[in-house]
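One file, run_1.cif, is given below (mmCIF, C-alpha atoms).
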data_upload
#
loop_
_atom_site.group_PDB
_atom_site.id
_atom_site.type_symbol
_atom_site.label_atom_id
_atom_site.label_comp_id
_atom_site.auth_asym_id
_atom_site.auth_seq_id
_atom_site.Cartn_x
_atom_site.Cartn_y
_atom_site.Cartn_z
ATOM 1 C CA MET O 25 0.000 0.000 0.000
ATOM 2 C CA THR O 26 1.213 3.492 -0.830
ATOM 3 C CA SER O 27 2.734 5.371 2.088
ATOM 4 C CA PRO O 28 0.520 8.228 3.305
ATOM 5 C CA PHE O 29 3.608 10.443 3.191
ATOM 6 C CA ALA O 30 3.497 10.121 -0.609
ATOM 7 C CA ARG O 31 -0.024 11.574 -0.738
ATOM 8 C CA ALA O 32 -0.027 15.288 -1.527
ATOM 9 C CA ASP O 33 -3.173 15.873 0.539
ATOM 10 C CA PHE O 34 -2.018 13.982 3.631
ATOM 11 C CA PRO O 35 -0.197 16.791 5.488
ATOM 12 C CA PHE O 36 -3.135 19.138 5.063
ATOM 13 C CA ALA O 37 -5.659 16.640 6.418
ATOM 14 C CA LEU O 38 -3.622 16.511 9.616
ATOM 15 C CA ARG O 39 -4.524 20.073 10.508
ATOM 16 C CA LEU O 40 -8.042 18.851 11.318
ATOM 17 C CA VAL O 41 -6.536 16.972 14.263
ATOM 18 C CA THR O 42 -4.595 19.813 15.872
ATOM 19 C CA GLU O 43 -7.382 22.289 15.110
ATOM 20 C CA ALA O 44 -9.889 20.101 16.946
ATOM 21 C CA ALA O 45 -7.620 19.971 20.003
ATOM 22 C CA ALA O 46 -6.914 23.713 19.887
ATOM 23 C CA LEU O 47 -10.572 24.618 19.657
ATOM 24 C CA ALA O 48 -11.509 22.303 22.535
ATOM 25 C CA ALA O 49 -8.693 23.673 24.683
ATOM 26 C CA HIS O 50 -9.648 27.264 23.931
ATOM 27 C CA ASP O 51 -12.881 26.827 25.892
ATOM 28 C CA TRP O 52 -10.674 26.461 28.988
ATOM 29 C CA VAL O 53 -8.259 29.336 28.376
ATOM 30 C CA GLY O 54 -7.927 31.534 31.454
ATOM 31 C CA ARG O 55 -10.101 29.321 33.676
ATOM 32 C CA SER O 56 -7.236 27.995 35.873
ATOM 33 C CA GLU O 57 -8.211 24.383 35.193
ATOM 34 C CA LYS O 58 -5.262 22.626 33.556
ATOM 35 C CA GLU O 59 -6.625 19.106 33.843
ATOM 36 C CA ALA O 60 -10.041 19.966 32.418
ATOM 37 C CA GLY O 61 -8.515 21.816 29.476
ATOM 38 C CA ASP O 62 -6.024 19.055 28.778
ATOM 39 C CA GLY O 63 -8.726 16.406 29.009
ATOM 40 C CA ALA O 64 -10.895 18.267 26.506
ATOM 41 C CA ALA O 65 -7.990 18.636 24.080
ATOM 42 C CA VAL O 66 -6.999 14.959 24.403
ATOM 43 C CA GLU O 67 -10.543 13.784 23.742
ATOM 44 C CA ALA O 68 -10.957 16.097 20.739
ATOM 45 C CA MET O 69 -7.597 15.107 19.238
ATOM 46 C CA ARG O 70 -8.286 11.392 19.652
ATOM 47 C CA LYS O 71 -11.733 11.726 18.050
ATOM 48 C CA ALA O 72 -10.307 13.679 15.090
ATOM 49 C CA LEU O 73 -7.529 11.131 14.549
ATOM 50 C CA GLY O 74 -10.163 8.423 14.294
ATOM 51 C CA GLU O 75 -11.985 10.352 11.584
ATOM 52 C CA ILE O 76 -9.125 10.776 9.099
ATOM 53 C CA ASN O 77 -7.587 8.102 6.871
ATOM 54 C CA ILE O 78 -4.767 7.096 9.175
ATOM 55 C CA ASN O 79 -3.266 3.941 10.635
ATOM 56 C CA ALA O 80 -1.082 4.949 13.529
ATOM 57 C CA VAL O 81 0.540 3.785 16.727
ATOM 58 C CA VAL O 82 1.159 6.383 19.441
ATOM 59 C CA MET O 83 4.876 6.411 20.251
ATOM 60 C CA ILE O 84 4.847 9.616 22.288
ATOM 61 C CA GLY O 85 1.605 10.477 24.015
ATOM 62 C CA GLU O 86 -0.037 11.485 27.238
ATOM 63 C CA GLY O 87 0.897 8.273 28.989
ATOM 64 C CA GLU O 88 1.690 7.443 32.570
ATOM 65 C CA LYS O 89 2.813 10.915 33.600
ATOM 66 C CA ASP O 90 -0.565 12.446 32.751
ATOM 67 C CA ASN O 91 -2.706 9.418 33.726
ATOM 68 C CA ALA O 92 -4.479 9.746 30.371
ATOM 69 C CA PRO O 93 -7.004 7.136 29.169
ATOM 70 C CA LEU O 94 -6.524 8.236 25.543
ATOM 71 C CA LEU O 95 -3.507 8.876 23.309
ATOM 72 C CA TYR O 96 -1.318 6.762 25.564
ATOM 73 C CA ARG O 97 1.940 5.198 24.411
ATOM 74 C CA GLY O 98 1.209 2.111 22.325
ATOM 75 C CA GLU O 99 -2.388 3.003 21.496
ATOM 76 C CA ARG O 100 -3.370 2.063 17.929
ATOM 77 C CA ILE O 101 -5.611 4.277 15.849
ATOM 78 C CA GLY O 102 -7.076 3.094 12.548
ATOM 79 C CA THR O 103 -6.505 -0.149 10.643
ATOM 80 C CA GLY O 104 -4.720 -1.500 7.593
ATOM 81 C CA GLU O 105 -1.212 -0.945 6.263
ATOM 82 C CA PRO O 106 1.238 0.688 6.314
ATOM 83 C CA GLU O 107 1.501 1.852 9.905
ATOM 84 C CA ILE O 108 2.895 5.207 10.872
ATOM 85 C CA GLU O 109 4.035 6.548 14.240
ATOM 86 C CA ILE O 110 2.741 9.664 15.925
ATOM 87 C CA ALA O 111 3.897 11.888 18.745
ATOM 88 C CA VAL O 112 1.211 14.106 20.237
ATOM 89 C CA ASP O 113 0.952 16.935 22.719
ATOM 90 C CA PRO O 114 -2.684 18.085 22.751
ATOM 91 C CA ILE O 115 -1.673 21.167 24.737
ATOM 92 C CA GLU O 116 1.946 22.286 24.676
ATOM 93 C CA GLY O 117 1.930 24.957 27.371
ATOM 94 C CA THR O 118 -0.922 23.676 29.535
ATOM 95 C CA THR O 119 -0.162 26.098 32.366
ATOM 96 C CA ASN O 120 -0.116 29.018 29.942
ATOM 97 C CA MET O 121 -3.489 27.930 28.560
ATOM 98 C CA ALA O 122 -4.984 27.675 32.044
ATOM 99 C CA ASN O 123 -3.553 31.037 33.099
ATOM 100 C CA GLY O 124 -4.697 32.771 29.913
ATOM 101 C CA VAL O 125 -1.221 33.914 28.877
ATOM 102 C CA ASP O 126 0.574 33.637 25.554
ATOM 103 C CA ASN O 127 2.244 30.558 24.108
ATOM 104 C CA SER O 128 0.134 27.424 24.019
ATOM 105 C CA MET O 129 -0.660 25.198 21.047
ATOM 106 C CA ALA O 130 -1.859 21.757 19.999
ATOM 107 C CA VAL O 131 0.989 19.758 18.468
ATOM 108 C CA MET O 132 1.427 16.518 16.543
ATOM 109 C CA ALA O 133 4.349 14.919 14.696
ATOM 110 C CA LEU O 134 4.353 11.887 12.394
ATOM 111 C CA ALA O 135 6.943 9.552 10.895
ATOM 112 C CA PRO O 136 6.999 6.120 9.212
ATOM 113 C CA ARG O 137 6.761 3.050 11.452
ATOM 114 C CA GLY O 138 10.074 2.321 13.128
ATOM 115 C CA ALA O 139 11.463 5.824 12.673
ATOM 116 C CA MET O 140 10.919 7.245 16.173
ATOM 117 C CA PHE O 141 13.335 6.356 18.954
ATOM 118 C CA ASP O 142 11.533 4.544 21.763
ATOM 119 C CA LEU O 143 11.984 6.645 24.893
ATOM 120 C CA GLY O 144 10.004 4.202 27.012
ATOM 121 C CA PRO O 145 9.477 5.501 30.568
ATOM 122 C CA SER O 146 11.562 8.662 30.116
ATOM 123 C CA PHE O 147 9.683 11.819 31.118
ATOM 124 C CA TYR O 148 12.531 14.337 30.852
ATOM 125 C CA MET O 149 15.217 15.099 28.281
ATOM 126 C CA ASP O 150 18.191 17.459 28.276
ATOM 127 C CA LYS O 151 18.163 19.304 24.943
ATOM 128 C CA LEU O 152 20.413 21.395 22.756
ATOM 129 C CA VAL O 153 18.739 23.144 19.805
ATOM 130 C CA LEU O 154 20.885 25.056 17.328
ATOM 131 C CA PRO O 155 20.150 27.187 14.266
ATOM 132 C CA ALA O 156 21.250 26.168 10.770
ATOM 133 C CA ALA O 157 24.386 28.331 10.876
ATOM 134 C CA ALA O 158 25.708 26.390 13.894
ATOM 135 C CA LYS O 159 24.964 22.930 12.526
ATOM 136 C CA GLY O 160 27.927 20.591 13.071
ATOM 137 C CA LYS O 161 29.843 23.210 15.048
ATOM 138 C CA VAL O 162 28.739 22.646 18.655
ATOM 139 C CA ASP O 163 29.198 19.447 20.665
ATOM 140 C CA PRO O 164 26.439 18.850 23.251
ATOM 141 C CA SER O 165 28.930 17.308 25.684
ATOM 142 C CA TRP O 166 30.981 20.505 25.907
ATOM 143 C CA SER O 167 30.794 22.858 28.867
ATOM 144 C CA VAL O 168 28.388 25.798 28.743
ATOM 145 C CA ALA O 169 31.247 28.213 28.057
ATOM 146 C CA GLN O 170 32.595 26.072 25.198
ATOM 147 C CA LYS O 171 29.149 25.808 23.632
ATOM 148 C CA LEU O 172 28.667 29.544 23.794
ATOM 149 C CA GLU O 173 32.077 30.263 22.273
ATOM 150 C CA ALA O 174 31.458 27.878 19.384
ATOM 151 C CA LEU O 175 27.937 29.204 18.838
ATOM 152 C CA ALA O 176 29.154 32.783 18.793
ATOM 153 C CA ALA O 177 31.829 31.904 16.231
ATOM 154 C CA ALA O 178 29.290 30.104 14.044
ATOM 155 C CA LEU O 179 26.886 33.053 14.160
ATOM 156 C CA ASN O 180 29.692 35.605 13.725
ATOM 157 C CA LYS O 181 28.760 37.595 16.808
ATOM 158 C CA PRO O 182 30.328 38.100 20.247
ATOM 159 C CA VAL O 183 29.206 35.911 23.134
ATOM 160 C CA ARG O 184 27.718 38.958 24.880
ATOM 161 C CA GLU O 185 25.185 39.272 22.042
ATOM 162 C CA LEU O 186 23.946 35.686 22.358
ATOM 163 C CA CYS O 187 20.533 34.964 23.867
ATOM 164 C CA ILE O 188 19.807 31.429 25.102
ATOM 165 C CA PHE O 189 16.303 30.129 25.798
ATOM 166 C CA VAL O 190 16.129 28.243 29.119
ATOM 167 C CA LEU O 191 13.179 27.021 31.138
ATOM 168 C CA ASN O 192 13.225 28.828 34.465
ATOM 169 C CA ARG O 193 13.495 25.788 36.705
ATOM 170 C CA LYS O 194 15.555 25.065 39.814
ATOM 171 C CA ARG O 195 17.439 22.353 37.915
ATOM 172 C CA HIS O 196 18.775 25.051 35.564
ATOM 173 C CA HIS O 197 19.847 27.688 38.077
ATOM 174 C CA ALA O 198 23.517 26.662 38.010
ATOM 175 C CA MET O 199 23.551 26.571 34.196
ATOM 176 C CA ILE O 200 21.886 29.983 33.995
ATOM 177 C CA LYS O 201 24.663 31.386 36.187
ATOM 178 C CA GLU O 202 27.238 29.836 33.843
ATOM 179 C CA ILE O 203 25.575 31.403 30.811
ATOM 180 C CA HIS O 204 25.615 34.810 32.467
ATOM 181 C CA ALA O 205 29.195 34.357 33.699
ATOM 182 C CA ALA O 206 30.269 33.684 30.113
ATOM 183 C CA GLY O 207 28.671 36.985 29.105
ATOM 184 C CA ALA O 208 25.577 35.761 27.264
ATOM 185 C CA ARG O 209 21.963 36.598 28.000
ATOM 186 C CA THR O 210 19.029 34.291 28.692
ATOM 187 C CA MET O 211 15.343 34.265 27.840
ATOM 188 C CA LEU O 212 13.770 32.570 30.843
ATOM 189 C CA GLN O 213 10.283 31.145 30.486
ATOM 190 C CA GLU O 214 8.278 29.075 32.940
ATOM 191 C CA ASN O 215 6.869 26.765 30.244
ATOM 192 C CA GLY O 216 6.921 26.014 26.547
ATOM 193 C CA ASP O 217 10.271 24.677 25.387
ATOM 194 C CA VAL O 218 8.767 23.640 22.023
ATOM 195 C CA ALA O 219 8.191 27.329 21.310
ATOM 196 C CA GLY O 220 11.668 28.066 22.685
ATOM 197 C CA ALA O 221 13.182 25.539 20.300
ATOM 198 C CA PHE O 222 11.289 27.104 17.413
ATOM 199 C CA MET O 223 12.733 30.505 18.299
ATOM 200 C CA ALA O 224 16.215 28.959 18.376
ATOM 201 C CA VAL O 225 15.955 27.831 14.732
ATOM 202 C CA GLU O 226 13.885 30.748 13.405
ATOM 203 C CA PRO O 227 16.293 33.124 11.578
ATOM 204 C CA ASN O 228 14.439 36.292 12.602
ATOM 205 C CA SER O 229 14.182 35.400 16.288
ATOM 206 C CA GLN O 230 16.124 37.063 19.093
ATOM 207 C CA VAL O 231 16.934 33.600 20.506
ATOM 208 C CA ASP O 232 20.158 31.913 19.332
ATOM 209 C CA ALA O 233 19.841 28.447 20.922
ATOM 210 C CA LEU O 234 17.963 26.397 23.499
ATOM 211 C CA PHE O 235 19.746 24.771 26.436
ATOM 212 C CA GLY O 236 18.331 22.579 29.181
ATOM 213 C CA THR O 237 15.901 19.924 30.293
ATOM 214 C CA GLY O 238 12.230 19.702 29.356
ATOM 215 C CA GLY O 239 9.786 16.962 28.474
ATOM 216 C CA SER O 240 10.974 13.884 26.579
ATOM 217 C CA PRO O 241 7.856 13.778 24.356
ATOM 218 C CA GLU O 242 8.563 17.333 23.263
ATOM 219 C CA GLY O 243 12.085 16.185 22.381
ATOM 220 C CA ILE O 244 10.892 13.887 19.589
ATOM 221 C CA ILE O 245 8.493 16.550 18.331
ATOM 222 C CA THR O 246 11.214 19.193 18.422
ATOM 223 C CA ALA O 247 13.695 16.949 16.611
ATOM 224 C CA ILE O 248 11.283 16.738 13.668
ATOM 225 C CA PHE O 249 10.597 20.430 13.208
ATOM 226 C CA THR O 250 14.226 21.353 13.887
ATOM 227 C CA ARG O 251 15.206 19.158 10.946
ATOM 228 C CA ALA O 252 12.429 20.687 8.852
ATOM 229 C CA MET O 253 13.862 24.148 9.560
ATOM 230 C CA GLY O 254 17.467 23.189 8.820
ATOM 231 C CA GLY O 255 18.666 23.365 12.416
ATOM 232 C CA GLU O 256 20.267 20.763 14.680
ATOM 233 C CA PHE O 257 18.890 18.908 17.688
ATOM 234 C CA PHE O 258 20.566 16.836 20.382
ATOM 235 C CA GLY O 259 18.840 15.095 23.280
ATOM 236 C CA ARG O 260 19.842 13.087 26.348
ATOM 237 C CA VAL O 261 17.377 11.384 28.683
ATOM 238 C CA ASP O 262 17.619 13.197 31.995
ATOM 239 C CA PRO O 263 15.593 11.555 34.803
ATOM 240 C CA GLN O 264 14.411 13.954 37.482
ATOM 241 C CA SER O 265 13.626 11.405 40.190
ATOM 242 C CA GLU O 266 15.082 8.160 41.511
ATOM 243 C CA ASP O 267 12.002 6.290 40.324
ATOM 244 C CA GLU O 268 12.316 7.635 36.782
ATOM 245 C CA ALA O 269 16.067 6.940 36.770
ATOM 246 C CA ALA O 270 15.485 3.305 37.771
ATOM 247 C CA LYS O 271 12.827 2.818 35.092
ATOM 248 C CA VAL O 272 14.975 4.470 32.413
ATOM 249 C CA LYS O 273 17.951 2.268 33.312
ATOM 250 C CA ALA O 274 15.822 -0.878 33.343
ATOM 251 C CA PHE O 275 14.468 0.035 29.911
ATOM 252 C CA GLY O 276 18.040 0.168 28.588
ATOM 253 C CA LEU O 277 18.449 3.913 28.081
ATOM 254 C CA ASP O 278 21.797 5.552 28.828
ATOM 255 C CA SER O 279 21.305 8.925 30.515
ATOM 256 C CA SER O 280 24.909 9.924 29.754
ATOM 257 C CA ARG O 281 24.561 9.536 25.979
ATOM 258 C CA TRP O 282 23.588 12.404 23.700
ATOM 259 C CA LEU O 283 21.429 11.382 20.718
ATOM 260 C CA SER O 284 21.263 13.352 17.483
ATOM 261 C CA GLY O 285 18.003 14.351 15.875
ATOM 262 C CA GLN O 286 18.669 11.751 13.169
ATOM 263 C CA GLU O 287 18.941 9.032 15.829
ATOM 264 C CA LEU O 288 15.749 10.147 17.529
ATOM 265 C CA VAL O 289 13.829 10.248 14.227
ATOM 266 C CA LYS O 290 15.472 8.109 11.550
ATOM 267 C CA SER O 291 13.375 9.125 8.532
ATOM 268 C CA ASP O 292 13.113 12.384 6.609
ATOM 269 C CA ASP O 293 9.497 11.443 5.881
ATOM 270 C CA ALA O 294 8.383 13.253 9.016
ATOM 271 C CA ILE O 295 5.788 15.971 9.492
ATOM 272 C CA PHE O 296 5.170 18.502 12.266
ATOM 273 C CA VAL O 297 1.766 20.141 12.719
ATOM 274 C CA ALA O 298 0.776 22.805 15.268
ATOM 275 C CA SER O 299 -2.366 24.876 15.788
ATOM 276 C CA GLY O 300 -2.324 27.854 18.111
ATOM 277 C CA ILE O 301 -4.440 28.039 21.258
ATOM 278 C CA ASN O 302 -2.960 31.215 22.727
ATOM 279 C CA SER O 303 -0.638 33.166 20.432
ATOM 280 C CA GLY O 304 3.074 32.335 20.533
ATOM 281 C CA PRO O 305 6.169 32.612 18.333
ATOM 282 C CA LEU O 306 4.986 29.837 16.006
ATOM 283 C CA CYS O 307 1.189 30.151 15.784
ATOM 284 C CA ARG O 308 -1.449 32.812 16.348
ATOM 285 C CA GLY O 309 -4.043 31.854 18.912
ATOM 286 C CA VAL O 310 -7.713 31.071 18.402
ATOM 287 C CA ARG O 311 -9.766 34.158 17.624
ATOM 288 C CA LEU O 312 -13.521 34.237 18.134
ATOM 289 C CA LYS O 313 -15.907 36.629 16.425
ATOM 290 C CA HIS O 314 -19.688 36.267 16.107
ATOM 291 C CA GLY O 315 -19.557 32.537 16.791
ATOM 292 C CA VAL O 316 -16.814 31.837 14.245
ATOM 293 C CA ALA O 317 -13.397 30.600 15.381
ATOM 294 C CA SER O 318 -10.309 31.489 13.363
ATOM 295 C CA LEU O 319 -7.415 29.040 13.797
ATOM 296 C CA HIS O 320 -3.821 29.307 12.594
ATOM 297 C CA THR O 321 -1.984 26.074 11.771
ATOM 298 C CA VAL O 322 1.646 25.587 10.744
ATOM 299 C CA ILE O 323 2.811 22.458 8.893
ATOM 300 C CA LEU O 324 6.530 21.709 8.534
ATOM 301 C CA MET O 325 7.917 18.968 6.269
ATOM 302 C CA ALA O 326 11.298 17.462 7.205
ATOM 303 C CA ALA O 327 11.994 15.991 3.752
ATOM 304 C CA THR O 328 11.599 19.254 1.816
ATOM 305 C CA GLN O 329 11.948 21.823 4.624
ATOM 306 C CA ALA O 330 8.680 23.295 3.335
ATOM 307 C CA ARG O 331 6.458 25.370 5.617
ATOM 308 C CA TYR O 332 2.723 25.866 5.165
ATOM 309 C CA ASP O 333 0.693 28.418 7.120
ATOM 310 C CA MET O 334 -3.039 27.808 7.015
ATOM 311 C CA VAL O 335 -6.034 29.629 8.486
ATOM 312 C CA SER O 336 -9.329 27.842 9.077
ATOM 313 C CA ARG O 337 -12.614 29.413 10.094
ATOM 314 C CA LEU O 338 -15.023 27.154 11.941
ATOM 315 C CA LYS O 339 -18.465 27.799 13.343
ATOM 316 C CA GLN O 340 -18.722 26.992 17.013
ATOM 317 C CA ASN O 341 -21.428 24.577 18.092
#

Turn the structure described in the file into structure tokens.
Amino acid sequence: MTSPFARADFPFALRLVTEAAALAAHDWVGRSEKEAGDGAAVEAMRKALGEININAVVMIGEGEKDNAPLLYRGERIGTGEPEIEIAVDPIEGTTNMANGVDNSMAVMALAPRGAMFDLGPSFYMDKLVLPAAAKGKVDPSWSVAQKLEALAAALNKPVRELCIFVLNRKRHHAMIKEIHAAGARTMLQENGDVAGAFMAVEPNSQVDALFGTGGSPEGIITAIFTRAMGGEFFGRVDPQSEDEAAKVKAFGLDSSRWLSGQELVKSDDAIFVASGINSGPLCRGVRLKHGVASLHTVILMAATQARYDMVSRLKQN
């Protein structure tokens, strides 16, 4: 059977999935109810996936960490051949959605069966995201100062002009001090490292790279769109508890080993789709006017590095 990635219409049908999740989540924007909003988005995304011509297994989903009954790792959606793999995040930036602040979106990534690295029980991943100009010029195992020096040389600017996106977490406080000691600046955000990674590879952004640990599921998703935008991604599983560390070790993952984006997603036949909930650097948020919702969706193709921006207008029920 012909691969769905060979169908010209396939990427555009996928927007129906992220749009459904974004619209469902938007009902909960600014209501301080993360779980209710996430549950609505999960249910809407799962329903939409079942309505398009797809045969998928969920490799990266809601899973154990979120206690989700749908879109869990290993769930199969659709029938027939050939299978594809999906990574989903019905709300990237759940806290932002609940608090009614910028930067939340519904996200999905797809690749052929067998392409996505199996992260098993890993919840957290240390990440390095670099723009195209720095590709092949920075080693993730280097010290913070070495990374910054190499990045500055690749971008032809002094270290003091660099800006590094970092999640503002206790685990990063020492690294943030190192970045500042080297002379660079930081953009510190409480949530949303997918958006931070996008800024790192977007040529017109003020962010030059992303450093630090965020969610493992977002790592696979980020690896796909980083490739689609010509940048470079590295990831290393980084357990944040003894329980997670034991499970990761038992699963056979090496927390000291950095994996390239090509190791995490082996095929160029990969697609990234995102629809905005609240506006962020990648997507505009849902806009409502006279019962009609306007949604902005971005589709990125790893094989061709093509980008498609689409706007849909849907009547609310």

- Close residues, Phe189 (chain O) itself excluded, 6 Å, only C-alpha atoms, min 4 positions apart in chain, as a list in words: Thr210, Met211, Gly220 and Leu234 of chain O

- Item | Residue nearest Arg281 (chain O) - candidates O:Ala122, O:Ala30, O:Val261, O:Ile115, atoms counted: only C-alpha atoms | O:Val261

Could you list the residues chosen by the PyMOL selection byres ((chain O and resi 268-275) around 12) in this structure as a PDB file with C-alpha atoms, in the frame of the given file?
ATOM      1  CA  GLU O  88       1.690   7.443  32.570  1.00  0.00           C
ATOM      2  CA  LYS O  89       2.813  10.915  33.600  1.00  0.00           C
ATOM      3  CA  ASP O 142      11.533   4.544  21.763  1.00  0.00           C
ATOM      4  CA  LEU O 143      11.984   6.645  24.893  1.00  0.00           C
ATOM      5  CA  GLY O 144      10.004   4.202  27.012  1.00  0.00           C
ATOM      6  CA  PRO O 145       9.477   5.501  30.568  1.00  0.00           C
ATOM      7  CA  SER O 146      11.562   8.662  30.116  1.00  0.00           C
ATOM      8  CA  PHE O 147       9.683  11.819  31.118  1.00  0.00           C
ATOM      9  CA  TYR O 148      12.531  14.337  30.852  1.00  0.00           C
ATOM     10  CA  MET O 149      15.217  15.099  28.281  1.00  0.00           C
ATOM     11  CA  SER O 240      10.974  13.884  26.579  1.00  0.00           C
ATOM     12  CA  ARG O 260      19.842  13.087  26.348  1.00  0.00           C
ATOM     13  CA  VAL O 261      17.377  11.384  28.683  1.00  0.00           C
ATOM     14  CA  ASP O 262      17.619  13.197  31.995  1.00  0.00           C
ATOM     15  CA  PRO O 263      15.593  11.555  34.803  1.00  0.00           C
ATOM     16  CA  GLN O 264      14.411  13.954  37.482  1.00  0.00           C
ATOM     17  CA  SER O 265      13.626  11.405  40.190  1.00  0.00           C
ATOM     18  CA  GLU O 266      15.082   8.160  41.511  1.00  0.00           C
ATOM     19  CA  ASP O 267      12.002   6.290  40.324  1.00  0.00           C
ATOM     20  CA  GLY O 276      18.040   0.168  28.588  1.00  0.00           C
ATOM     21  CA  LEU O 277      18.449   3.913  28.081  1.00  0.00           C
ATOM     22  CA  ASP O 278      21.797   5.552  28.828  1.00  0.00           C
ATOM     23  CA  SER O 279      21.305   8.925  30.515  1.00  0.00           C
ATOM     24  CA  SER O 280      24.909   9.924  29.754  1.00  0.00           C
TER      25      SER O 280
END

- Message: I'd like the residues picked by the PyMOL selection byres ((chain O and resi 301) around 8) written out as JSON, numbers by chain, using the chain letters and numbers from the file.
- Response: {"O": [46, 47, 49, 50, 121, 127, 128, 129, 130, 299, 300, 302, 303, 308, 309, 310]}

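Interatomic distance, CA of Gly74 (chain O) to CA of Gly102 (chain O): 6.4 Å.
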
- Excluding same-chain residues fewer than 2 positions from region 158-167 of chain O, what lies within 7 Å of it counting all atoms listed in the file, as an MDAnalysis selection string? chainID O and resid 152 154:156 169:171 174:175 178:179 255:256 258

- Item | Distance query 8 Å from (1.6, 5.7, 21.0) using only C-alpha atoms, result as a PyMOL selection string | chain O and resi 80-85+95-100+109-111

- Task: Can you work out which one of O:Asp150, O:Glu86, O:Asp113, O:Glu59 has the shortest atom-to-atom distance to Val297 (chain O), counting only C-alpha atoms?
- Result: O:Asp113

- Task: Quote the spacing between CA of Ala208 (chain O) and CA of Pro182 (chain O) in Å to one decimal place.
- Result: 8.8 Å

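Closest approach to Lys339 (chain O) among O:Leu312, O:Val190, O:Leu324, O:Ile76: O:Leu312, based on all atoms listed in the file.
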
List as a PDB file with C-alpha atoms, in the coordinates of the input the protein and nucleic acid residues near Ala37 (chain O), meaning an atom at most 12 Å away when all atoms listed in the file are counted, but skip any in the same chain fewer than 2 places from it.
ATOM      1  CA  PRO O  28       0.520   8.228   3.305  1.00  0.00           C
ATOM      2  CA  PHE O  29       3.608  10.443   3.191  1.00  0.00           C
ATOM      3  CA  ARG O  31      -0.024  11.574  -0.738  1.00  0.00           C
ATOM      4  CA  ALA O  32      -0.027  15.288  -1.527  1.00  0.00           C
ATOM      5  CA  ASP O  33      -3.173  15.873   0.539  1.00  0.00           C
ATOM      6  CA  PHE O  34      -2.018  13.982   3.631  1.00  0.00           C
ATOM      7  CA  PRO O  35      -0.197  16.791   5.488  1.00  0.00           C
ATOM      8  CA  ARG O  39      -4.524  20.073  10.508  1.00  0.00           C
ATOM      9  CA  LEU O  40      -8.042  18.851  11.318  1.00  0.00           C
ATOM     10  CA  VAL O  41      -6.536  16.972  14.263  1.00  0.00           C
ATOM     11  CA  THR O  42      -4.595  19.813  15.872  1.00  0.00           C
ATOM     12  CA  GLU O  43      -7.382  22.289  15.110  1.00  0.00           C
ATOM     13  CA  ALA O  44      -9.889  20.101  16.946  1.00  0.00           C
ATOM     14  CA  ALA O  72     -10.307  13.679  15.090  1.00  0.00           C
ATOM     15  CA  LEU O  73      -7.529  11.131  14.549  1.00  0.00           C
ATOM     16  CA  GLU O  75     -11.985  10.352  11.584  1.00  0.00           C
ATOM     17  CA  ILE O  76      -9.125  10.776   9.099  1.00  0.00           C
ATOM     18  CA  ASN O  77      -7.587   8.102   6.871  1.00  0.00           C
ATOM     19  CA  ILE O  78      -4.767   7.096   9.175  1.00  0.00           C
ATOM     20  CA  ILE O 295       5.788  15.971   9.492  1.00  0.00           C
ATOM     21  CA  VAL O 297       1.766  20.141  12.719  1.00  0.00           C
ATOM     22  CA  THR O 321      -1.984  26.074  11.771  1.00  0.00           C
ATOM     23  CA  ILE O 323       2.811  22.458   8.893  1.00  0.00           C
ATOM     24  CA  MET O 334      -3.039  27.808   7.015  1.00  0.00           C
TER      25      MET O 334
END

Completion of region 25-34 of chain O up to N, CA and C atoms, as an mmCIF file, in the coordinates of the input:
data_model
loop_
_atom_site.group_PDB
_atom_site.id
_atom_site.type_symbol
_atom_site.label_atom_id
_atom_site.label_comp_id
_atom_site.auth_asym_id
_atom_site.auth_seq_id
_atom_site.Cartn_x
_atom_site.Cartn_y
_atom_site.Cartn_z
ATOM 1 N N MET O 25 0.843 -1.192 0.000
ATOM 2 C CA MET O 25 0.000 0.000 0.000
ATOM 3 C C MET O 25 0.880 1.243 0.000
ATOM 4 N N THR O 26 0.440 2.262 -0.730
ATOM 5 C CA THR O 26 1.213 3.492 -0.830
ATOM 6 C C THR O 26 1.332 4.173 0.532
ATOM 7 N N SER O 27 2.523 4.654 0.838
ATOM 8 C CA SER O 27 2.734 5.371 2.088
ATOM 9 C C SER O 27 1.902 6.646 2.101
ATOM 10 N N PRO O 28 1.279 6.970 3.241
ATOM 11 C CA PRO O 28 0.520 8.228 3.305
ATOM 12 C C PRO O 28 1.399 9.449 3.100
ATOM 13 N N PHE O 29 2.698 9.311 3.366
ATOM 14 C CA PHE O 29 3.608 10.443 3.191
ATOM 15 C C PHE O 29 3.788 10.788 1.716
ATOM 16 N N ALA O 30 3.408 9.864 0.829
ATOM 17 C CA ALA O 30 3.497 10.121 -0.609
ATOM 18 C C ALA O 30 2.246 10.816 -1.143
ATOM 19 N N ARG O 31 1.209 10.923 -0.310
ATOM 20 C CA ARG O 31 -0.024 11.574 -0.738
ATOM 21 C C ARG O 31 0.079 13.074 -0.534
ATOM 22 N N ALA O 32 -0.174 13.832 -1.594
ATOM 23 C CA ALA O 32 -0.027 15.288 -1.527
ATOM 24 C C ALA O 32 -0.994 15.917 -0.529
ATOM 25 N N ASP O 33 -2.163 15.285 -0.330
ATOM 26 C CA ASP O 33 -3.173 15.873 0.539
ATOM 27 C C ASP O 33 -2.978 15.509 2.009
ATOM 28 N N PHE O 34 -2.124 14.522 2.282
ATOM 29 C CA PHE O 34 -2.018 13.982 3.631
ATOM 30 C C PHE O 34 -1.620 15.028 4.678
#
